[in-house]
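Trainee: I have a structure here, written as structure tokens, and I will follow up with some questions on it.
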Amino acid sequence: MSVVPAEPVSVRARTDRAWSEDSGAAPLASRARLLPALAAVYRAQMSRARVARIPLLFVATFQSVGIMVLMRGVVDGGDEARAVVAGSSVLVVAFVALNLLAQYFGQLRASGGLDHYATLPVPPAAVVLGAAGAYASFTAPGTVVTAVVGSVLFQLPLVNLWVLAAVIPLAGAALAGLGAALGLLAPRQELATLLGQLGMSAALLLGVLPAAHLPGPVAWARDLLPSTYGVEALARTFEAEPDWPAVGGDLAVCAAVGVASLAVATWAYRRAAVR
């Protein structure tokens, strides 16, 4: 039995190149780097958000302001007022970054849109981080408006609202990662919508109400909610003499939860894209 000698690598390369030139096939593009791909996805999502999400942002802001107006009749001031204003402000982030992002990824998975992203030379992390960053950034105007209106309504100081520059991206990353994971892991689009709504309801009930008024098991559930630490950080800044180390600690926990939730969302994207 004769053995055909293996073709040298250089000969195979020249043959493949000649076949590609003869057939007119274009060579495959190299895989995009993370940061340029992330920036491209972020810009695309922001452009889409400006057209389709502005009415929803208005609804989220109006909803949070309405909650504060209702609570004004039963809350005079103190810790309760600080909790109401901080929780209502972060609720805008939860409505957009958690609820809408869960619906978006659930719809994307159900409609086969993930197949489009899977064919692009884009890292999975860029898709998840770009969409999460865009949705979190989109909440900034509504969150600022809600915090300012609430501070005036409950006569809280406005001087430390600059901390929103840290609360919005950190709480937004944590909630957006959770929303993306829920949308990607849900077996059906309707279930993704339901989970997003439940997550926003949890942010409403557990974030707006003062922690001291909650029963033990509910308070433990509050500690597991990613937005809780953003609410606590913002509420502390309304005090006459804020405990800045505690504010920094809450923001650090929020950042750690954000990294973890975005990592889970990236894993969920890889899992959904290959099915």
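We name chains A, B, ... following the order of the structure tokens; residues begin at 1 in each chain, and ligands are numbered from 1 as shown.
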Just want the 7 Å neighbourhood of Gln197 (chain A), counted on only C-alpha atoms, with same-chain residues fewer than 4 positions away dropped. Output as an MDAnalysis selection string.
Mentor: chainID A and resid 99 193 201
Trainee: For a quick check of understanding, using only C-alpha atoms, which of A:Gly207, A:Gly248, A:Pro141, A:Gly179 has the smallest distance to Ala192 (chain A)?
Mentor: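 Under the stated criterion, the closest residue is A:Gly179.
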Trainee: Using only C-alpha atoms, which of A:Ala202, A:Leu70, A:Ala94, A:Phe58 sits nearest Val145 (chain A)?
Mentor: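 Closest candidate: A:Phe58.
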Trainee: Identify, on the basis of only C-alpha atoms, every residue whose closest approach to Arg188 (chain A) does not exceed 12 Å; exclude the query and any residue fewer than 2 positions from it along the same chain; express the result as an mmCIF file with N, CA and C atoms, in the first residue's frame.
Mentor:
```cif
data_model
loop_
_atom_site.group_PDB
_atom_site.id
_atom_site.type_symbol
_atom_site.label_atom_id
_atom_site.label_comp_id
_atom_site.auth_asym_id
_atom_site.auth_seq_id
_atom_site.Cartn_x
_atom_site.Cartn_y
_atom_site.Cartn_z
ATOM 1 N N ALA A 102 -34.067 43.732 29.789
ATOM 2 C CA ALA A 102 -34.530 42.341 29.811
ATOM 3 C C ALA A 102 -35.477 42.079 28.647
ATOM 4 N N GLN A 103 -36.386 43.026 28.374
ATOM 5 C CA GLN A 103 -37.298 42.867 27.244
ATOM 6 C C GLN A 103 -36.538 42.891 25.912
ATOM 7 N N PHE A 105 -33.317 42.044 25.184
ATOM 8 C CA PHE A 105 -32.580 40.820 24.911
ATOM 9 C C PHE A 105 -33.516 39.626 24.756
ATOM 10 N N GLY A 106 -34.632 39.623 25.481
ATOM 11 C CA GLY A 106 -35.607 38.561 25.269
ATOM 12 C C GLY A 106 -36.184 38.596 23.865
ATOM 13 N N GLN A 107 -36.490 39.790 23.375
ATOM 14 C CA GLN A 107 -36.991 39.935 22.010
ATOM 15 C C GLN A 107 -35.911 39.589 20.989
ATOM 16 N N LEU A 108 -34.672 40.009 21.280
ATOM 17 C CA LEU A 108 -33.567 39.726 20.362
ATOM 18 C C LEU A 108 -33.343 38.228 20.226
ATOM 19 N N ARG A 109 -33.454 37.526 21.323
ATOM 20 C CA ARG A 109 -33.270 36.075 21.276
ATOM 21 C C ARG A 109 -34.427 35.390 20.564
ATOM 22 N N ALA A 110 -35.650 35.845 20.828
ATOM 23 C CA ALA A 110 -36.814 35.207 20.222
ATOM 24 C C ALA A 110 -36.892 35.454 18.717
ATOM 25 N N SER A 111 -36.456 36.631 18.268
ATOM 26 C CA SER A 111 -36.551 36.978 16.849
ATOM 27 C C SER A 111 -35.357 36.515 16.031
ATOM 28 N N LEU A 182 -31.357 38.216 32.602
ATOM 29 C CA LEU A 182 -32.732 37.714 32.645
ATOM 30 C C LEU A 182 -33.293 37.538 31.230
ATOM 31 N N GLY A 183 -33.035 38.512 30.364
ATOM 32 C CA GLY A 183 -33.538 38.406 29.008
ATOM 33 C C GLY A 183 -32.903 37.285 28.210
ATOM 34 N N LEU A 184 -31.618 37.028 28.443
ATOM 35 C CA LEU A 184 -30.907 36.000 27.689
ATOM 36 C C LEU A 184 -31.153 34.598 28.225
ATOM 37 N N LEU A 185 -31.412 34.475 29.505
ATOM 38 C CA LEU A 185 -31.612 33.159 30.101
ATOM 39 C C LEU A 185 -33.071 32.708 30.072
ATOM 40 N N ALA A 186 -33.988 33.650 29.907
ATOM 41 C CA ALA A 186 -35.405 33.281 29.867
ATOM 42 C C ALA A 186 -35.684 32.431 28.634
ATOM 43 N N GLU A 190 -41.947 36.139 26.513
ATOM 44 C CA GLU A 190 -42.930 36.576 27.502
ATOM 45 C C GLU A 190 -42.395 36.442 28.919
ATOM 46 N N LEU A 191 -41.606 35.396 29.166
ATOM 47 C CA LEU A 191 -41.036 35.211 30.490
ATOM 48 C C LEU A 191 -39.971 36.266 30.773
ATOM 49 N N ALA A 192 -39.209 36.658 29.763
ATOM 50 C CA ALA A 192 -38.221 37.725 29.940
ATOM 51 C C ALA A 192 -38.913 39.035 30.315
ATOM 52 N N THR A 193 -40.027 39.340 29.654
ATOM 53 C CA THR A 193 -40.792 40.541 29.993
ATOM 54 C C THR A 193 -41.308 40.476 31.419
ATOM 55 N N LEU A 194 -41.811 39.310 31.820
ATOM 56 C CA LEU A 194 -42.326 39.142 33.179
ATOM 57 C C LEU A 194 -41.220 39.328 34.214
ATOM 58 N N LEU A 195 -40.061 38.737 33.968
ATOM 59 C CA LEU A 195 -38.952 38.859 34.915
ATOM 60 C C LEU A 195 -38.467 40.298 35.016
ATOM 61 N N ALA A 272 -26.583 31.703 24.823
ATOM 62 C CA ALA A 272 -27.733 31.855 23.946
ATOM 63 C C ALA A 272 -27.334 31.932 22.481
#
```
Trainee: Would you mind listing what lies within 10 Å of Val163 (chain A) as a PyMOL selection string, with only C-alpha atoms counted and same-chain residues fewer than 5 positions away left out?
Mentor: chain A and resi 168+233-234+237+247+251
Trainee: Mind checking which residues fall within 12 Å of Met200 (chain A), counting only C-alpha atoms, ignoring those fewer than 5 positions away in the same chain, and posting them as a ChimeraX atom specification?
Mentor: /A:60,64,87-88,90-103,175-176,178-179,193-195,205-208,225-227
Trainee: Generate the output file for the selected residues, N, CA and C atoms, as a tab-separated table (two decimals), in the first residue's frame.
Mentor:
```
chain	number	residue	atom	x	y	z
A	60	ALA	N	-40.92	56.72	32.85
A	60	ALA	CA	-40.17	56.32	34.05
A	60	ALA	C	-39.98	57.49	35.00
A	64	SER	N	-41.70	57.98	38.80
A	64	SER	CA	-40.93	58.20	40.03
A	64	SER	C	-41.33	59.49	40.73
A	87	GLY	N	-34.61	56.22	46.61
A	87	GLY	CA	-35.20	55.06	45.95
A	87	GLY	C	-35.94	55.41	44.68
A	88	SER	N	-36.65	56.54	44.67
A	88	SER	CA	-37.38	56.95	43.47
A	88	SER	C	-36.41	57.34	42.36
A	90	VAL	N	-33.29	56.12	41.83
A	90	VAL	CA	-32.68	54.92	41.28
A	90	VAL	C	-33.73	54.06	40.56
A	91	LEU	N	-35.00	54.25	40.90
A	91	LEU	CA	-36.06	53.51	40.22
A	91	LEU	C	-36.09	53.82	38.73
A	92	VAL	N	-35.73	55.04	38.34
A	92	VAL	CA	-35.66	55.38	36.92
A	92	VAL	C	-34.62	54.49	36.23
A	93	VAL	N	-33.50	54.27	36.90
A	93	VAL	CA	-32.46	53.38	36.36
A	93	VAL	C	-32.99	51.96	36.23
A	94	ALA	N	-33.72	51.51	37.25
A	94	ALA	CA	-34.25	50.14	37.22
A	94	ALA	C	-35.27	49.96	36.09
A	95	PHE	N	-36.10	50.97	35.87
A	95	PHE	CA	-37.12	50.86	34.83
A	95	PHE	C	-36.49	50.68	33.45
A	96	VAL	N	-35.44	51.45	33.17
A	96	VAL	CA	-34.83	51.42	31.84
A	96	VAL	C	-33.78	50.32	31.75
A	97	ALA	N	-32.81	50.33	32.68
A	97	ALA	CA	-31.67	49.43	32.57
A	97	ALA	C	-32.02	47.98	32.87
A	98	LEU	N	-32.95	47.75	33.77
A	98	LEU	CA	-33.31	46.37	34.12
A	98	LEU	C	-34.52	45.91	33.29
A	99	ASN	N	-35.61	46.62	33.40
A	99	ASN	CA	-36.85	46.17	32.77
A	99	ASN	C	-36.75	46.18	31.25
A	100	LEU	N	-36.39	47.31	30.67
A	100	LEU	CA	-36.36	47.42	29.21
A	100	LEU	C	-35.25	46.58	28.59
A	101	LEU	N	-34.11	46.47	29.27
A	101	LEU	CA	-33.02	45.66	28.72
A	101	LEU	C	-33.37	44.18	28.75
A	102	ALA	N	-34.07	43.73	29.79
A	102	ALA	CA	-34.53	42.34	29.81
A	102	ALA	C	-35.48	42.08	28.65
A	103	GLN	N	-36.39	43.03	28.37
A	103	GLN	CA	-37.30	42.87	27.24
A	103	GLN	C	-36.54	42.89	25.91
A	175	LEU	N	-27.76	46.88	37.39
A	175	LEU	CA	-29.12	46.57	36.97
A	175	LEU	C	-29.19	46.16	35.50
A	176	ALA	N	-28.37	46.79	34.66
A	176	ALA	CA	-28.36	46.42	33.25
A	176	ALA	C	-27.81	45.01	33.06
A	178	LEU	N	-28.05	42.60	35.22
A	178	LEU	CA	-29.11	41.71	35.67
A	178	LEU	C	-30.21	41.60	34.63
A	179	GLY	N	-30.59	42.75	34.05
A	179	GLY	CA	-31.64	42.72	33.04
A	179	GLY	C	-31.23	41.94	31.80
A	193	THR	N	-40.03	39.34	29.65
A	193	THR	CA	-40.79	40.54	29.99
A	193	THR	C	-41.31	40.48	31.42
A	194	LEU	N	-41.81	39.31	31.82
A	194	LEU	CA	-42.33	39.14	33.18
A	194	LEU	C	-41.22	39.33	34.21
A	195	LEU	N	-40.06	38.74	33.97
A	195	LEU	CA	-38.95	38.86	34.91
A	195	LEU	C	-38.47	40.30	35.02
A	205	LEU	N	-40.51	48.48	45.43
A	205	LEU	CA	-40.97	48.18	46.78
A	205	LEU	C	-39.83	48.16	47.80
A	206	LEU	N	-38.70	47.62	47.40
A	206	LEU	CA	-37.60	47.47	48.35
A	206	LEU	C	-36.67	48.67	48.37
A	207	GLY	N	-36.74	49.52	47.34
A	207	GLY	CA	-35.86	50.67	47.30
A	207	GLY	C	-36.47	51.92	47.87
A	208	VAL	N	-37.77	52.13	47.64
A	208	VAL	CA	-38.41	53.36	48.09
A	208	VAL	C	-38.74	53.31	49.58
A	225	LEU	N	-30.68	42.88	46.31
A	225	LEU	CA	-31.03	43.65	45.11
A	225	LEU	C	-29.86	44.56	44.74
A	226	PRO	N	-29.38	44.53	43.50
A	226	PRO	CA	-28.20	45.33	43.14
A	226	PRO	C	-28.38	46.82	43.34
A	227	SER	N	-29.60	47.33	43.14
A	227	SER	CA	-29.81	48.78	43.24
A	227	SER	C	-29.79	49.29	44.68
```
